[in-house]
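*Asks:* After the structure tokens below, expect a handful of questions from me.
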Amino acid sequence: MAGTSAEEMRVYSQLVKTVSSPALLIGYGSALIRAGRYNDAIERLREYVKLDASNASAVGLLAMAQRRAGQRPAAIATLKGGLAKVETGTRTDLILELAQTYEEMGRNEEAIAQYEQAFEHFTGKDALTPANTPLFGEVVNRLAVVFRRLGNQSKLQTLLARTRRLIDEHNPLIELITIEGLREDGKRLVLEGRTTLEEVPGSREVSETELSPGAFPITVMR
């Protein structure tokens, strides 16, 4: 089993039969997901979420299992239902997961709306802390990826400018996003170049001829 052991699964399956514990059920659901048993995880976690839809961990895991099982519309419904009931302090992770689900479905504008909502969570006074900085970085990075994919340079630059004002001067987030953007631009140019070569008649033959050993005659000095 990927990411978990048969012994772990055996122990969990025995314990959940005799012990009623939210933490235990969530742990079992997580183990089922790691084992690739998404439908089993959905069944277990759905039962618990029906009883306590305010548990952000259970809601997030259920949505994760649904996404991995290819049930993205169901995951969106789960996340929206959870966001209506979980405590404010636990909403950001679910908002991020909802945005990622929209993105996976190609619903970019809806993804952007959720990412931007998550971003605003960090803009208040002292809202950004060492503990939540990695999550903030993930939100900014995903927003940058979507803006770049859509070719929206204006929004991308606005995002980076706002981010720069929020983070510590020693935080390399902006530089890392810029480097990633240059890397993606390089990949795109390479792919465009290959496409152009394939579209030009005889380009492949010319390229191969130019690179063949006979294309570079060697003069022997006597």
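Numbering starts fresh at 1 for the residues of each chain in the structure tokens, the chains themselves are lettered A, B, ... in the order given, and ligands are numbered from 1 as they appear.
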Could you name the residues that touch A:Val139 at 10 Å or less, counting only C-alpha atoms, but leaving out those on the same chain fewer than 3 positions away, as a ChimeraX atom specification?

*Replies:* /A:92-93,95-96,99-100,114-119,133-136,142-144

*Asks:* Produce a file of the selected residues containing C-alpha atoms, as a short mmCIF file (atom, residue, chain, number, x, y, z; two decimals), in the first residue's frame.

*Replies:*
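Saved to part.cif:
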data_model
loop_
_atom_site.label_atom_id
_atom_site.label_comp_id
_atom_site.auth_asym_id
_atom_site.auth_seq_id
_atom_site.Cartn_x
_atom_site.Cartn_y
_atom_site.Cartn_z
CA THR A 92 -8.22 29.37 4.67
CA ASP A 93 -7.11 25.77 4.06
CA ILE A 95 -10.71 27.97 0.54
CA LEU A 96 -7.35 27.00 -0.93
CA ALA A 99 -9.63 27.02 -5.47
CA GLN A 100 -7.40 24.09 -6.46
CA GLN A 114 -11.12 31.79 -4.12
CA TYR A 115 -7.35 32.35 -4.18
CA GLU A 116 -7.91 36.10 -3.88
CA GLN A 117 -10.25 35.54 -0.95
CA ALA A 118 -7.56 33.45 0.74
CA PHE A 119 -4.96 36.15 -0.03
CA THR A 133 3.76 32.20 5.99
CA PRO A 134 4.16 28.87 4.09
CA LEU A 135 0.39 28.76 3.47
CA PHE A 136 0.47 32.38 2.30
CA ARG A 142 -1.00 29.42 -7.17
CA LEU A 143 -2.45 32.83 -8.02
CA ALA A 144 0.70 33.70 -9.95
#

*Asks:* Residues at most 12 Å from stretch 157-159 of chain A, counting only C-alpha atoms, excluding those fewer than 5 positions away in the same chain, as a ChimeraX atom specification?

*Replies:* /A:112,115-116,119-120,123,137,139-148,151-152,164-166,174,177-178,181

*Asks:* Could those residues be written to a file, using C-alpha atoms, as a PDB file, in the first residue's frame?

*Replies:*
ATOM      1  CA  ILE A 112      -8.945  33.107  -8.905  1.00  0.00           C
ATOM      2  CA  TYR A 115      -7.350  32.348  -4.185  1.00  0.00           C
ATOM      3  CA  GLU A 116      -7.908  36.104  -3.877  1.00  0.00           C
ATOM      4  CA  PHE A 119      -4.961  36.149  -0.028  1.00  0.00           C
ATOM      5  CA  GLU A 120      -7.063  38.808   1.710  1.00  0.00           C
ATOM      6  CA  THR A 123      -3.537  41.338   4.542  1.00  0.00           C
ATOM      7  CA  GLY A 137       3.311  31.485  -0.067  1.00  0.00           C
ATOM      8  CA  VAL A 139      -1.700  30.992  -2.128  1.00  0.00           C
ATOM      9  CA  VAL A 140       0.485  33.598  -3.845  1.00  0.00           C
ATOM     10  CA  ASN A 141       2.255  30.973  -5.944  1.00  0.00           C
ATOM     11  CA  ARG A 142      -1.004  29.420  -7.174  1.00  0.00           C
ATOM     12  CA  LEU A 143      -2.448  32.830  -8.020  1.00  0.00           C
ATOM     13  CA  ALA A 144       0.696  33.699  -9.945  1.00  0.00           C
ATOM     14  CA  VAL A 145       0.483  30.427 -11.892  1.00  0.00           C
ATOM     15  CA  VAL A 146      -3.132  31.064 -12.911  1.00  0.00           C
ATOM     16  CA  PHE A 147      -2.484  34.701 -13.868  1.00  0.00           C
ATOM     17  CA  ARG A 148       0.514  33.612 -15.930  1.00  0.00           C
ATOM     18  CA  GLY A 151      -1.595  35.878 -19.753  1.00  0.00           C
ATOM     19  CA  ASN A 152      -2.850  38.462 -17.259  1.00  0.00           C
ATOM     20  CA  ARG A 164       6.206  42.457  -1.495  1.00  0.00           C
ATOM     21  CA  ARG A 165       4.604  44.934   0.916  1.00  0.00           C
ATOM     22  CA  LEU A 166       3.405  42.111   3.178  1.00  0.00           C
ATOM     23  CA  ILE A 174       8.939  37.063  -5.006  1.00  0.00           C
ATOM     24  CA  ILE A 177       7.974  33.158  -8.287  1.00  0.00           C
ATOM     25  CA  THR A 178       9.910  35.281 -10.796  1.00  0.00           C
ATOM     26  CA  GLY A 181       7.957  32.361 -14.371  1.00  0.00           C
TER      27      GLY A 181
END

*Asks:* Using only C-alpha atoms, which protein or nucleic acid residues come within 8 Å of A:Gln66? Drop anything in the same chain fewer than 4 positions from it, and give the result as a ChimeraX atom specification.

*Replies:* /A:38-39,42,62,70-72,74-75

*Asks:* Take the residues that were just selected and, keeping N, CA, C and O atoms, output them as a JSON list (two decimals), in the first residue's frame.

*Replies:*
[["chain", "number", "residue", "atom", "x", "y", "z"],
["A", 38, "TYR", "N", -9.63, 5.45, -2.03],
["A", 38, "TYR", "CA", -10.38, 6.70, -1.97],
["A", 38, "TYR", "C", -11.86, 6.49, -1.69],
["A", 38, "TYR", "O", -12.47, 7.25, -0.91],
["A", 39, "ASN", "N", -12.46, 5.50, -2.30],
["A", 39, "ASN", "CA", -13.89, 5.27, -2.08],
["A", 39, "ASN", "C", -14.18, 4.85, -0.64],
["A", 39, "ASN", "O", -15.19, 5.27, -0.06],
["A", 42, "ILE", "N", -13.93, 7.98, 1.40],
["A", 42, "ILE", "CA", -15.12, 8.81, 1.21],
["A", 42, "ILE", "C", -16.26, 8.30, 2.07],
["A", 42, "ILE", "O", -16.97, 9.08, 2.73],
["A", 62, "LEU", "N", -12.21, 14.66, 3.32],
["A", 62, "LEU", "CA", -13.28, 14.11, 2.47],
["A", 62, "LEU", "C", -13.17, 14.71, 1.07],
["A", 62, "LEU", "O", -13.26, 13.98, 0.07],
["A", 70, "GLY", "N", -11.72, 11.45, -8.57],
["A", 70, "GLY", "CA", -12.29, 12.04, -9.77],
["A", 70, "GLY", "C", -13.68, 12.62, -9.57],
["A", 70, "GLY", "O", -14.37, 12.91, -10.54],
["A", 71, "GLN", "N", -14.08, 12.78, -8.30],
["A", 71, "GLN", "CA", -15.42, 13.29, -7.99],
["A", 71, "GLN", "C", -15.33, 14.78, -7.62],
["A", 71, "GLN", "O", -15.71, 15.20, -6.52],
["A", 72, "ARG", "N", -14.84, 15.60, -8.53],
["A", 72, "ARG", "CA", -14.59, 17.00, -8.22],
["A", 72, "ARG", "C", -15.86, 17.81, -7.92],
["A", 72, "ARG", "O", -15.86, 18.64, -7.02],
["A", 74, "ALA", "N", -18.48, 16.77, -6.45],
["A", 74, "ALA", "CA", -18.82, 16.40, -5.07],
["A", 74, "ALA", "C", -17.88, 17.08, -4.09],
["A", 74, "ALA", "O", -18.29, 17.51, -3.00],
["A", 75, "ALA", "N", -16.59, 17.18, -4.45],
["A", 75, "ALA", "CA", -15.61, 17.84, -3.59],
["A", 75, "ALA", "C", -15.97, 19.31, -3.40],
["A", 75, "ALA", "O", -15.86, 19.86, -2.29]]

*Asks:* Excluding A:Arg91 and its own-chain neighbours fewer than 5 positions away, which residues fall within 10 Å of it when counting only C-alpha atoms? Please give them as a PyMOL selection string.

*Replies:* chain A and resi 56+79+82-86+96+118+121

*Asks:* Next, dump the selected residues to file, keeping only N, CA, C and O atoms, as a compact mmCIF listing (two decimals), in the first residue's frame.

*Replies:*
# COMPACT_ATOMS: atom_id res chain seq x y z
N ALA A 56 -13.03 21.05 10.25
CA ALA A 56 -12.33 21.41 9.01
C ALA A 56 -11.42 20.29 8.51
O ALA A 56 -11.28 20.09 7.30
N LEU A 79 -16.77 21.13 0.15
CA LEU A 79 -16.00 22.29 0.62
C LEU A 79 -16.91 23.49 0.88
O LEU A 79 -16.75 24.20 1.87
N GLY A 82 -18.72 22.86 4.06
CA GLY A 82 -17.83 23.02 5.20
C GLY A 82 -17.52 24.48 5.48
O GLY A 82 -17.49 24.90 6.64
N LEU A 83 -17.30 25.26 4.44
CA LEU A 83 -16.98 26.67 4.62
C LEU A 83 -18.10 27.44 5.29
O LEU A 83 -17.87 28.46 5.96
N ALA A 84 -19.31 26.96 5.14
CA ALA A 84 -20.45 27.62 5.76
C ALA A 84 -20.54 27.33 7.26
O ALA A 84 -21.26 28.04 7.99
N LYS A 85 -19.77 26.33 7.74
CA LYS A 85 -19.94 25.90 9.13
C LYS A 85 -18.66 25.89 9.96
O LYS A 85 -18.73 25.92 11.19
N VAL A 86 -17.49 25.85 9.32
CA VAL A 86 -16.26 25.77 10.11
C VAL A 86 -15.94 27.12 10.73
O VAL A 86 -16.44 28.17 10.29
N LEU A 96 -8.44 27.36 -0.03
CA LEU A 96 -7.35 27.00 -0.93
C LEU A 96 -7.66 25.70 -1.67
O LEU A 96 -7.45 25.59 -2.88
N ALA A 118 -8.55 33.97 -0.20
CA ALA A 118 -7.56 33.45 0.74
C ALA A 118 -6.44 34.47 0.95
O ALA A 118 -5.96 34.67 2.08
N HIS A 121 -7.07 37.16 3.49
CA HIS A 121 -6.99 36.73 4.88
C HIS A 121 -5.67 37.14 5.52
O HIS A 121 -5.61 37.34 6.75

*Asks:* Quick one: residues within 8 Å of A:Tyr48, only C-alpha atoms, excluding same-chain residues fewer than 4 positions away - as a PyMOL selection string?

*Replies:* chain A and resi 22+25+44+52-53+58

*Asks:* What does the file look like for those residues with N, CA and C atoms, as a short mmCIF file (atom, residue, chain, number, x, y, z; two decimals), in the first residue's frame?

*Replies:*
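Saved file result-v7.cif follows:
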data_model
loop_
_atom_site.label_atom_id
_atom_site.label_comp_id
_atom_site.auth_asym_id
_atom_site.auth_seq_id
_atom_site.Cartn_x
_atom_site.Cartn_y
_atom_site.Cartn_z
N PRO A 22 -13.43 11.10 17.08
CA PRO A 22 -13.24 11.89 15.85
C PRO A 22 -11.80 11.82 15.34
N LEU A 25 -11.17 8.47 13.67
CA LEU A 25 -11.83 8.34 12.37
C LEU A 25 -11.11 9.17 11.31
N ARG A 44 -16.21 6.50 4.85
CA ARG A 44 -15.96 6.72 6.27
C ARG A 44 -16.09 8.19 6.64
N ASP A 52 -20.72 16.07 11.99
CA ASP A 52 -20.00 17.27 12.42
C ASP A 52 -19.38 17.96 11.21
N ALA A 53 -20.17 18.77 10.55
CA ALA A 53 -19.71 19.47 9.35
C ALA A 53 -18.80 20.64 9.69
N ALA A 58 -11.82 17.00 8.84
CA ALA A 58 -12.64 15.96 8.22
C ALA A 58 -13.17 16.41 6.87
#

*Asks:* Hey, can you check how far atom CA of A:Thr18 sits from atom CA of A:Ala6?

*Replies:* 19.2 Å

*Asks:* In Å to one decimal, how far is atom CA of A:Ser154 from atom CA of A:Glu180?

*Replies:*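 Interatomic distance here is 17.5 Å.
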
*Asks:* Select from stretch 3-181 of chain A everything DSSP, run on the backbone, classes as helix (DSSP H, G or I), then give the selection as a ChimeraX atom specification.

*Replies:* /A:6-18,22-34,38-51,56-68,72-83,88-104,108-120,133-149,153-166,173-181

*Asks:* Quick check, in Å to one decimal: how far apart do atom CA of A:Ile76 and atom CA of A:Ile33 lie?

*Replies:*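 Separation of atom CA of A:Ile76 and atom CA of A:Ile33: 17.9 Å.
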